[in-house]
Every structure is written in C-alpha cells, then in structure tokens.
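Enquirer: My structure is below; once you've seen it, I'll send some questions.
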Amino acid sequence: MKLKRRRNLVKALDILDQPIRFNPFLFSRTFLLWALLGLIGGAIAGVYWIVLEFLTHKISIFEGWEVIPVMAVCGLLAGLVIHFIGDPGEIHLIVNNIRFNKGKLDPKNNPSMIISSLLCVASGGSLGPEAPLVQVTGSTGTWLGKIFRLKGEDLRSMSIAGMASGFTALFGAPLGGSLFSLEILHHKHAVEYYKAIIPALVASCFSYLVFAIIIQLGLGATWKVASYEYAGVFDFGYAVLFAMAATAIGWAFIFCIKFFKNLFNKKPLPIYVKTLIGGILLGLISYYFPITRYFGHEEINELLAGDFALQALIAILIFKILAISITVTSGWRGGFIIPLFFVGATLGLIIHTIFPETNLTLTIVSCMAGINACVTRTPMSTTILLATLTGFTYFIPILFASLTGYFLAPRIPFISSQLEKVKE
C-alpha cells in the first residue's frame, strides 16, 4: 500500500514538472467544425433560395382563375412526392427529435422535404421556407457531427447549430436566428440547451456570410415601415394593448388550426388527396384575394404600401388565417413564422385605420410581435428578428409586445400541442 502511494506521488510530481501549455485564445477544433457547418448551411440555403425564386417566377405567370388548377396540381405533386419518397414530417417532429432522440435529425427524408416544400412554397402556399431549411440544415449538423464522432450534448449542439444556420440565412439575423433555434424547442426548455448557443452563433454568422454572397443580400430592413419616433412612456402601454389584440387573433388562429385538423382527419385519406384538396381551397382564396397568396416575404411590403379600405383589410386578415390553417393541416410543407408576421401587419393596419391617432409603425410591429410570440412562444428571438427585419431600433416596445403575447398565449402552445401528439 505504501509503495502504491509513493508511485502515485511520483506521478503527480512528474505532471507538475511538465511545462504548462498556454493558449491565449478560446479557439479550438470545434470552432472550425461550427464554422464549416455554417458554410455548408449557408450554401444549402442559398441554392434553395435561388431554386425557389426560379420556380416562383415560372409559376407566377398563371393569374386569375388559372391559380386554382395550378395550385391544385402543385398540391397533388407535393403529396405524391411525400407518398412515394417519404414523409419528412413537420416542425414538431424536429422538436421531438431534439428533445427526445438525443438531438439526432435524420437526413434520409431531406429529398422529400426539399422537393415538396419547393412545390408548396413556389406555387403560393401560405407557408414559408423556414421549416424546410431548418430541417435540412439541422440534419446536416447531425450528419457532420456523426462524421466527427460527436456524442451526447456535442451532437445535439451541432444539430441546433445547423438549425440556427437555416433560420439565420432566411431572416438575415444571426443573433435572432440562434435564439430562435433554442426557443422553438419550447421556451421553458431553452435553458437546457445553453451549451448550444455559442455553436449556434458561430454557425449562424458563417451561414449568413455565405448566403449573403450567393444571393447578393444587402444590409438593411426587409420590410419598409416608417421610422418610429418615441413619444413617451405611454408607448409601452400602447405596445401592450396592441399585443393583446394580436394575442386574441393568435388564439383564433390556433383554434382555426385545430378545426381544420379535425376536419381533414375525420376520414383517413392518402396524403396526396389531402394536398390536392388543400391546393383547390388555397387556389380559390388566392383567386379572390391575390395578396394572401405566398408566404408574405414580399407581400408585407405590398400590404404596407397599399391603400386598403377597412373592409378589405378585415377580409385579408380572415382569409389569410384560413389560408395558413389550410396549408398547415392539408399536408403542405413550410413554416408559419413569416405568414404570422403578415397577419400581424394586417391587424396593425386595421387598428390604425380605426384609430388614426395611433402610431402606425408601433401598431404594426407590436401586433407582429404579439401574434408570433403567442403562437411560437419565442419572445426573445421575436424581438430581435422584428428589430432586424423592420429596422425598428427601439427594442423595448417590441419586447413588451412579445412578452405580452407570450404570457397571454394558450396554456399549451401550438408547437407543444403538436409535440404531445407525436409522443402519444
């Protein structure tokens, strides 16, 4: 026993005698891995966006009554792709895998997701490309992590960093995209993944750089709202009131989703039949209300620049909510974050039309923040994303609106309710 202790003591002294290796930087091999993931994610997003714009341009030549058969055919084709190639799932499946499947996102269904989502988004569905991009870039993170034999939290962090690179490429906000990749996993669980925040930030920055180079993206706001001038502390109260109105619309949207989900699930139908029916209904809505077609990236500027009467704005609000609900529940693929921003902007215009003395920019941005935070439960990232996308430099009113939407949201949020069904 004494001899063993003596040997251990000698080993300890030998270790102390070794020269100390000093690295002045927090720079390691993992940084290069996160950067590589960001470069790959940005390239994927850039190519996806170019193809999406090409298809959108080709399909947009069909106008008037022609949008009905065109969207029906695109819905049928998307359903056939999902039926024969594989069901890529929806955003709640990503949440499920991150939380309960050790952070692994399976890339085997990426071809199905890419093809079906391109058809759905380009033809005019009321869902955006954020969910497809997040799934593809997130699964790329898993694939890269497995190549470098990462396990546990390191592998989960790579998947989340991949998701962040997809969010960032679309929204052009590395910090907002990084936080969104954590908050979308369900806000109360976001702190579980705090180790992923630095990988997500690194991957997001490199993704944004590559995406900006590929599509020639410039700096500045995406949506053209008038500059906001702070009028006093009452602006925070107005932001809360506007967000409360937006939260009520968020509740209506969630119940609308549940209604159409029950309607489509009453009778078991093949996925391509559901997407065909969805395409016909979406075509009818687009025929009567063309501004509700597509996911809203460019339509928000069209809405803000237009001179719509109150009745027209109310109709646009109602039918856009119906269009998003049908798109989600009929099996069309895409994400609902930007479409929700469109709904919020429409509600803001309605409120300003009824009460002209309100500040238009504050009204619109507060409604956009309130409804998105209500449905997605992402108050932090919603605040940063909206500040970036609208050029609204005063964070605090947006934060007040986002927190209002978050705390007045239904007890079981939209993403979480979908998740519970997956777990069952």
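A note on labels: chains of the structure tokens are A, B, ... as shown, every chain counts residues from 1, and ligands are counted from 1 in their shown order.
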Which of segment 185-401 of chain A end up as alpha helix (DSSP H) when DSSP is run on this backbone - answer as a ChimeraX atom specification?
Expert: /A:197-215,234-265,271-288,299-305,310-329,337-354,360-376,379-390,395-401
Enquirer: For atom CA of Leu360 of chain A and atom CA of Thr383 of chain A, determine how far apart the two atoms are, in Å to one decimal place.
Expert: 17.8 Å
Enquirer: Which residues are near segment 326-333 of chain A? Cut-off 8 Å, only C-alpha atoms, ignore same chain within fewer than 2 positions. Put them as a list of chain:residue names.
Expert: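 My reading of the contact set: A:Gly75, A:Ala78, A:Gly79, A:Glu90, A:Met113, A:Ser116, A:Ser117, A:Cys120, A:Val121, A:Gly125, A:Ser126, A:Leu127, A:Pro132, A:Ile257, A:Phe260, A:Lys261, A:Phe264, A:Ile271, A:Lys274, A:Thr275, A:Ile277, A:Gly278, A:Leu281, A:Leu282, A:Leu322, A:Ala323, A:Ile324, A:Gly335.
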Enquirer: Report as a Markdown table: every residue of segment 269-357 of chain A with an atom at most 12 Å from segment 388-400 of chain A, its closest pair of atoms, and their distance in Å to one decimal, counting only C-alpha atoms, with rows sorted by chain and ascending residue number.
Expert:
```
| residue | atom | partner | partner_atom | distance |
| --- | --- | --- | --- | --- |
| A:His297 | CA | A:Leu389 | CA | 10.4 |
| A:Ile300 | CA | A:Thr390 | CA | 10.7 |
| A:Asn301 | CA | A:Thr390 | CA | 10.4 |
| A:Leu304 | CA | A:Thr390 | CA | 11.6 |
| A:Ile338 | CA | A:Leu389 | CA | 10.6 |
| A:Phe341 | CA | A:Leu389 | CA | 10.5 |
| A:Ala345 | CA | A:Thr390 | CA | 11.1 |
```
Enquirer: Please build the interface table for segment 104-212 of chain A against segment 58-70 of chain A with a cut-off of 9 Å, listing for each qualifying residue the nearest atom pair and the distance in Å to one decimal; count only C-alpha atoms, order rows by chain and increasing number, and write it as a tab-separated table.
Expert:
```
residue	atom	partner	partner_atom	distance
A:Ala122	CA	A:Ile59	CA	7.1
A:Ser123	CA	A:Ile59	CA	6.1
A:Gly124	CA	A:Ser60	CA	8.4
```
Enquirer: Write out as a list in words the residues lying within 10 Å of Tyr230 of chain A, counting only C-alpha atoms and excluding same-chain residues fewer than 4 positions away.
Expert: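 Once the nearby chain positions are removed, what remains is Phe234, Asp235, Phe236, Asn359, Leu362, Tyr394 and Pro397 of chain A.
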Enquirer: I'd like the contact shell of Val210 of chain A - 7 Å cut-off, only C-alpha atoms, skipping same-chain residues fewer than 6 positions apart - returned as a PyMOL selection string.
Expert: chain A and resi 39+42-43
Enquirer: Using N, CA, C and O atoms, can you write the selected residues to a file as a PDB file, in the first residue's frame?
Expert:
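Output (selection38.pdb):
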```
ATOM      1  N   LEU A  39     -20.891  27.306 -43.079  1.00  0.00           N
ATOM      2  CA  LEU A  39     -20.613  27.461 -44.510  1.00  0.00           C
ATOM      3  C   LEU A  39     -21.493  26.536 -45.341  1.00  0.00           C
ATOM      4  O   LEU A  39     -22.052  26.937 -46.366  1.00  0.00           O
ATOM      5  N   GLY A  42     -25.173  27.753 -45.088  1.00  0.00           N
ATOM      6  CA  GLY A  42     -25.394  28.928 -45.923  1.00  0.00           C
ATOM      7  C   GLY A  42     -25.463  28.576 -47.403  1.00  0.00           C
ATOM      8  O   GLY A  42     -26.268  29.143 -48.153  1.00  0.00           O
ATOM      9  N   ALA A  43     -24.616  27.643 -47.824  1.00  0.00           N
ATOM     10  CA  ALA A  43     -24.631  27.204 -49.225  1.00  0.00           C
ATOM     11  C   ALA A  43     -25.941  26.498 -49.561  1.00  0.00           C
ATOM     12  O   ALA A  43     -26.547  26.734 -50.622  1.00  0.00           O
TER      13      ALA A  43
END
```
Enquirer: Which neighbours of Phe211 of chain A fall inside 8 Å, counting only C-alpha atoms, when residues of the same chain fewer than 4 positions from it are skipped, and could you give them as a list in words?
Expert: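 Once the nearby chain positions are removed, what remains is Gly42, Ala43, Ala45, Gly46, Ala169, Ser207, Ile215, Gln216 and Leu217 of chain A.
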Enquirer: Would you list the contacts of Leu276 of chain A as a list in words, taking every protein, DNA or RNA residue within 8 Å and counting only C-alpha atoms, but skipping same-chain residues closer than 3 positions in sequence?
Expert: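 The contact residues come out as Ala72, Val73, Cys74, Gly75, Leu76, Gly79, Tyr272, Val273, Gly279 and Ile280 of chain A.
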Enquirer: Quick one: write out the picked residues with C-alpha atoms as a PDB file, in the first residue's frame?
Expert:
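Output below, filename part29.pdb:
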```pdb
ATOM      1  CA  ALA A  72     -54.278  22.013 -57.168  1.00  0.00           C
ATOM      2  CA  VAL A  73     -51.718  20.322 -59.439  1.00  0.00           C
ATOM      3  CA  CYS A  74     -48.781  21.524 -57.313  1.00  0.00           C
ATOM      4  CA  GLY A  75     -50.537  20.236 -54.201  1.00  0.00           C
ATOM      5  CA  LEU A  76     -51.111  16.859 -55.856  1.00  0.00           C
ATOM      6  CA  GLY A  79     -48.474  14.874 -51.982  1.00  0.00           C
ATOM      7  CA  TYR A 272     -51.850  13.354 -51.981  1.00  0.00           C
ATOM      8  CA  VAL A 273     -55.650  13.625 -51.752  1.00  0.00           C
ATOM      9  CA  GLY A 279     -54.478  23.185 -53.265  1.00  0.00           C
ATOM     10  CA  ILE A 280     -58.005  23.707 -54.588  1.00  0.00           C
TER      11      ILE A 280
END
```
Enquirer: In Å to one decimal, how far is atom CA of Ile50 of chain A from atom CA of Ile316 of chain A?
Expert: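 Separating atom CA of Ile316 of chain A from atom CA of Ile50 of chain A is a distance of 28.7 Å.
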Enquirer: Which of these residues is nearest to Asp106 of chain A, using only C-alpha atoms: A:Thr346, A:Ser159, A:Gln311, A:Ser381?
Expert: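 Closest to Asp106 of chain A, using only C-alpha atoms: A:Ser159.
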